[in-house]
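Reviewing the structure listed below.
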Amino acid sequence: MSPLALDALRERWVQRLGLHRLIDRPAPFETAGVRAGTASGAGEADITVLIPAFQHERYIGDAVRSVLDQADSRFRILVADDGSTDRTVERARALDDPRVTVTVNAQNVGLGRSLVAALEHVDTPFVALLNSDDVYHPQRLSRCREVLVSEPRLRAVATGIMLIDARGRRLTPGDASRLIDGRRIFHWVQWYGRTQAGQDREALFLRLLRHNVLLTSSNIVCHTSFLREHSTALAELRYCVDWHLFLTAAATDRLGYLPEPLLAYRLHAGNTVWFSPRTRPAYSAEVNRVATRAIRDYLGTLSPSNVETAKRDIASAVAANTELDERLVQQDCDLAALKY
């Protein structure tokens, strides 16, 4: 039995035996309970929340409702389903709200291509991404919009993140359980907790090279033109859409960051962070390709006097990233001869 199937089986038995009640986890944040016509910020929508969906019938309702509960109502929702075979599309369409549109790809094309295709239906100046198993804080859109409007040089903004379990309850290193959550989730939560410590003073580009501390494409709110500028690169990506966009914006100091946890990232048996032996090679190749491209672009923005120091910092960050082939990246980016 595959690890994914084992996790799914464990989750069913945890629910059946009532073991989930052993940990009384709180909700990640209070929802505003806002619906159409009652939110503030009345006016023409200036942001499209683009929800790429695939096989998430259990979670898509929570994702869409977290947008409908936003304190500022100047948004539209576009659910772009990538060929789901479960009831994801049915449940998205059942959320009867004039601001929600659902499109369906004829076949599964991958996250990058699905996003690029969905952009053809977007005519607002801003786009916010939300994966179909994650959840927004009620103030997320208003806070991120404020940053992008007040700081025109920024192309994108990300925020702090709160982890939630499969039931949508807050998950922390202190209460993660091997039994209830599963071994992989337990160890991932501990790893993520360690990545958040001791790096606040490091430049965001270098932090992202060490670890994708911003985690997910759900954490991207940006100018629509920013996504369109990168549509060619995005169409090539299945796994690293978020990391590519974060690194690209951070390389030119155009990525804003709000430390407030305005996004809930859900961990469950079907997360795309779990790679099978079949998909691991393709993921590894994509990770190295994205890192190499970002490093080259970043070095190209620097004055000659700053390049050598920057290379040493980059070499150190690459060495710390266990997902990268250190020797390959150092060779491709002319870092191999450096000591760090």
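Convention: chains lettered A, B, ... in structure tokens order; per-chain residue numbering from 1; ligands numbered from 1 as shown.
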With the cut-off set at 12 Å and counting only C-alpha atoms, tabulate each residue of region 183-286 of chain A with an atom at most that distance from an atom of region 111-115 of chain A, showing the nearest atom pair and its distance in Å to one decimal, ordered by chain and increasing number, as CSV.
residue,atom,partner,partner_atom,distance
A:Ser217,CA,A:Leu111,CA,9.9
A:Thr224,CA,A:Leu115,CA,11.6
A:Leu227,CA,A:Leu115,CA,9.0
A:Arg228,CA,A:Leu115,CA,9.9
A:His230,CA,A:Gly112,CA,10.2
A:Ser231,CA,A:Gly112,CA,8.2
A:Thr232,CA,A:Arg113,CA,9.1
A:Ala233,CA,A:Gly112,CA,8.3
A:Leu234,CA,A:Gly112,CA,4.7
A:Ala235,CA,A:Arg113,CA,4.4
A:Glu236,CA,A:Gly112,CA,6.5
A:Leu237,CA,A:Gly112,CA,5.1
A:Arg238,CA,A:Leu111,CA,5.2
A:Tyr239,CA,A:Leu111,CA,7.4
A:Cys240,CA,A:Gly112,CA,8.6
A:Val241,CA,A:Gly112,CA,6.3
A:Asp242,CA,A:Gly112,CA,9.6
A:Trp243,CA,A:Gly112,CA,12.0
A:His244,CA,A:Gly112,CA,10.8
A:Leu245,CA,A:Gly112,CA,11.2
A:Thr272,CA,A:Leu111,CA,10.9
Next, the residues of the selection above should be written as a PDB file, in the first residue's frame with N, CA and C atoms.
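Result file follows (out_8.pdb):
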ATOM      1  N   SER A 217       1.489  28.602  -3.370  1.00  0.00           N
ATOM      2  CA  SER A 217       0.931  29.608  -4.280  1.00  0.00           C
ATOM      3  C   SER A 217      -0.286  30.302  -3.672  1.00  0.00           C
ATOM      4  N   THR A 224      -1.919  41.638 -11.706  1.00  0.00           N
ATOM      5  CA  THR A 224      -2.219  40.675 -12.764  1.00  0.00           C
ATOM      6  C   THR A 224      -1.136  40.686 -13.833  1.00  0.00           C
ATOM      7  N   LEU A 227       1.776  38.217 -13.220  1.00  0.00           N
ATOM      8  CA  LEU A 227       1.563  36.830 -13.646  1.00  0.00           C
ATOM      9  C   LEU A 227       1.664  36.706 -15.159  1.00  0.00           C
ATOM     10  N   ARG A 228       1.095  37.668 -15.867  1.00  0.00           N
ATOM     11  CA  ARG A 228       1.140  37.593 -17.328  1.00  0.00           C
ATOM     12  C   ARG A 228       2.572  37.706 -17.852  1.00  0.00           C
ATOM     13  N   HIS A 230       5.061  36.463 -16.584  1.00  0.00           N
ATOM     14  CA  HIS A 230       5.749  35.197 -16.331  1.00  0.00           C
ATOM     15  C   HIS A 230       4.969  34.002 -16.876  1.00  0.00           C
ATOM     16  N   SER A 231       4.034  34.247 -17.763  1.00  0.00           N
ATOM     17  CA  SER A 231       3.177  33.159 -18.241  1.00  0.00           C
ATOM     18  C   SER A 231       3.963  32.073 -18.970  1.00  0.00           C
ATOM     19  N   THR A 232       4.990  32.454 -19.724  1.00  0.00           N
ATOM     20  CA  THR A 232       5.779  31.448 -20.432  1.00  0.00           C
ATOM     21  C   THR A 232       6.481  30.517 -19.458  1.00  0.00           C
ATOM     22  N   ALA A 233       7.110  31.098 -18.434  1.00  0.00           N
ATOM     23  CA  ALA A 233       7.787  30.280 -17.427  1.00  0.00           C
ATOM     24  C   ALA A 233       6.784  29.450 -16.633  1.00  0.00           C
ATOM     25  N   LEU A 234       5.637  30.036 -16.277  1.00  0.00           N
ATOM     26  CA  LEU A 234       4.645  29.314 -15.480  1.00  0.00           C
ATOM     27  C   LEU A 234       4.114  28.090 -16.219  1.00  0.00           C
ATOM     28  N   ALA A 235       3.943  28.210 -17.530  1.00  0.00           N
ATOM     29  CA  ALA A 235       3.395  27.107 -18.304  1.00  0.00           C
ATOM     30  C   ALA A 235       4.291  25.880 -18.272  1.00  0.00           C
ATOM     31  N   GLU A 236       5.563  26.061 -17.937  1.00  0.00           N
ATOM     32  CA  GLU A 236       6.506  24.940 -17.885  1.00  0.00           C
ATOM     33  C   GLU A 236       6.507  24.246 -16.519  1.00  0.00           C
ATOM     34  N   LEU A 237       5.820  24.827 -15.534  1.00  0.00           N
ATOM     35  CA  LEU A 237       5.965  24.362 -14.156  1.00  0.00           C
ATOM     36  C   LEU A 237       4.732  23.593 -13.676  1.00  0.00           C
ATOM     37  N   ARG A 238       4.986  22.495 -12.975  1.00  0.00           N
ATOM     38  CA  ARG A 238       3.916  21.735 -12.336  1.00  0.00           C
ATOM     39  C   ARG A 238       4.003  21.803 -10.814  1.00  0.00           C
ATOM     40  N   TYR A 239       5.194  22.012 -10.269  1.00  0.00           N
ATOM     41  CA  TYR A 239       5.409  21.881  -8.835  1.00  0.00           C
ATOM     42  C   TYR A 239       5.888  23.176  -8.168  1.00  0.00           C
ATOM     43  N   CYS A 240       6.595  24.017  -8.887  1.00  0.00           N
ATOM     44  CA  CYS A 240       7.304  25.141  -8.265  1.00  0.00           C
ATOM     45  C   CYS A 240       6.794  26.494  -8.711  1.00  0.00           C
ATOM     46  N   VAL A 241       5.519  26.586  -9.058  1.00  0.00           N
ATOM     47  CA  VAL A 241       4.941  27.872  -9.462  1.00  0.00           C
ATOM     48  C   VAL A 241       5.156  28.922  -8.385  1.00  0.00           C
ATOM     49  N   ASP A 242       4.857  28.564  -7.149  1.00  0.00           N
ATOM     50  CA  ASP A 242       4.971  29.524  -6.052  1.00  0.00           C
ATOM     51  C   ASP A 242       6.416  29.961  -5.843  1.00  0.00           C
ATOM     52  N   TRP A 243       7.340  29.010  -5.785  1.00  0.00           N
ATOM     53  CA  TRP A 243       8.746  29.337  -5.522  1.00  0.00           C
ATOM     54  C   TRP A 243       9.318  30.212  -6.633  1.00  0.00           C
ATOM     55  N   HIS A 244       8.967  29.905  -7.869  1.00  0.00           N
ATOM     56  CA  HIS A 244       9.426  30.731  -8.988  1.00  0.00           C
ATOM     57  C   HIS A 244       8.959  32.172  -8.828  1.00  0.00           C
ATOM     58  N   LEU A 245       7.686  32.374  -8.518  1.00  0.00           N
ATOM     59  CA  LEU A 245       7.153  33.735  -8.390  1.00  0.00           C
ATOM     60  C   LEU A 245       7.753  34.460  -7.191  1.00  0.00           C
ATOM     61  N   THR A 272       0.171  18.094  -2.168  1.00  0.00           N
ATOM     62  CA  THR A 272       1.166  17.938  -3.222  1.00  0.00           C
ATOM     63  C   THR A 272       2.588  17.990  -2.684  1.00  0.00           C
TER      64      THR A 272
END
Using DSSP on the backbone coordinates, identify the residues of region 47-146 of chain A assigned to alpha helix (DSSP H); present them as a PDB file with C-alpha atoms, in the first residue's frame.
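Listing of out-v9.pdb after writing:
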ATOM      1  CA  ILE A  60     -13.288  23.385  -2.007  1.00  0.00           C
ATOM      2  CA  GLY A  61     -16.326  24.681  -0.093  1.00  0.00           C
ATOM      3  CA  ASP A  62     -14.186  25.928   2.789  1.00  0.00           C
ATOM      4  CA  ALA A  63     -11.801  27.643   0.370  1.00  0.00           C
ATOM      5  CA  VAL A  64     -14.510  29.519  -1.529  1.00  0.00           C
ATOM      6  CA  ARG A  65     -16.432  30.444   1.620  1.00  0.00           C
ATOM      7  CA  SER A  66     -13.265  31.929   3.148  1.00  0.00           C
ATOM      8  CA  VAL A  67     -13.189  34.353   0.217  1.00  0.00           C
ATOM      9  CA  LEU A  68     -16.905  35.125   0.468  1.00  0.00           C
ATOM     10  CA  THR A  88     -14.979  19.245  -6.778  1.00  0.00           C
ATOM     11  CA  VAL A  89     -16.726  21.031  -9.679  1.00  0.00           C
ATOM     12  CA  GLU A  90     -20.198  20.080  -8.460  1.00  0.00           C
ATOM     13  CA  ARG A  91     -19.526  21.439  -4.980  1.00  0.00           C
ATOM     14  CA  ALA A  92     -17.947  24.638  -6.289  1.00  0.00           C
ATOM     15  CA  ARG A  93     -20.952  25.323  -8.511  1.00  0.00           C
ATOM     16  CA  LEU A 111      -0.853  23.894 -12.162  1.00  0.00           C
ATOM     17  CA  GLY A 112       1.229  26.236 -14.313  1.00  0.00           C
ATOM     18  CA  ARG A 113      -0.681  25.721 -17.552  1.00  0.00           C
ATOM     19  CA  SER A 114      -4.005  25.819 -15.730  1.00  0.00           C
ATOM     20  CA  LEU A 115      -3.164  29.195 -14.191  1.00  0.00           C
ATOM     21  CA  VAL A 116      -2.038  30.631 -17.517  1.00  0.00           C
ATOM     22  CA  ALA A 117      -5.270  29.493 -19.184  1.00  0.00           C
ATOM     23  CA  ALA A 118      -7.361  30.960 -16.356  1.00  0.00           C
ATOM     24  CA  LEU A 119      -5.652  34.354 -16.732  1.00  0.00           C
ATOM     25  CA  ARG A 140      -6.332  38.933   3.876  1.00  0.00           C
ATOM     26  CA  LEU A 141      -7.473  40.674   0.711  1.00  0.00           C
ATOM     27  CA  SER A 142      -7.872  44.096   2.297  1.00  0.00           C
ATOM     28  CA  ARG A 143      -4.467  43.987   4.003  1.00  0.00           C
ATOM     29  CA  CYS A 144      -2.622  42.754   0.909  1.00  0.00           C
ATOM     30  CA  ARG A 145      -4.423  45.235  -1.349  1.00  0.00           C
ATOM     31  CA  GLU A 146      -3.337  48.083   0.954  1.00  0.00           C
TER      32      GLU A 146
END
Please provide as a PyMOL selection string all residues within 12 Å of Tyr136 (chain A), with the sequence filter that same-chain residues fewer than 3 positions apart are discarded (counting only C-alpha atoms). chain A and resi 28-32+49+51+62-71+128-133+139-144+159-164+168+218-221+261-266
Would you give me, as an MDAnalysis selection string, the residues in region 205-319 of chain A that DSSP reads as strand (DSSP E)? chainID A and resid 221:223 255:266
Write out as an MDAnalysis selection string which residues come within 12 Å of Gln196 (chain A) when counting only C-alpha atoms, dropping same-chain ones fewer than 3 positions away. chainID A and resid 160:162 173 189:193 199:202 207:208 210:215 259
Just the residues within 9 Å of region 281-292 of chain A, please, counting only C-alpha atoms, with nothing from its chain fewer than 4 positions along; format it as a list in words. Leu209, Leu237, Arg238, Tyr239, Cys240, Trp243, His244, Leu247, Phe275, Pro277, Arg296, Asp297, Val318, Glu323, Leu324, Asp325, Glu326, Leu328, Val329, Gln330, Asp332 and Cys333 of chain A
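Going from CA of Arg293 (chain A) over to CA of His121 (chain A), you cover 28.7 Å.
Note that the spacing between CA of Pro52 (chain A) and CA of Leu204 (chain A) amounts to 26.1 Å.
Between CA of Val100 (chain A) and CA of Ile77 (chain A) the separation is 4.7 Å.
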With only C-alpha atoms as the atoms that count, which of A:Leu335, A:Leu78, A:Ala176, A:Phe126 lies nearest to Val102 (chain A)? A:Leu78
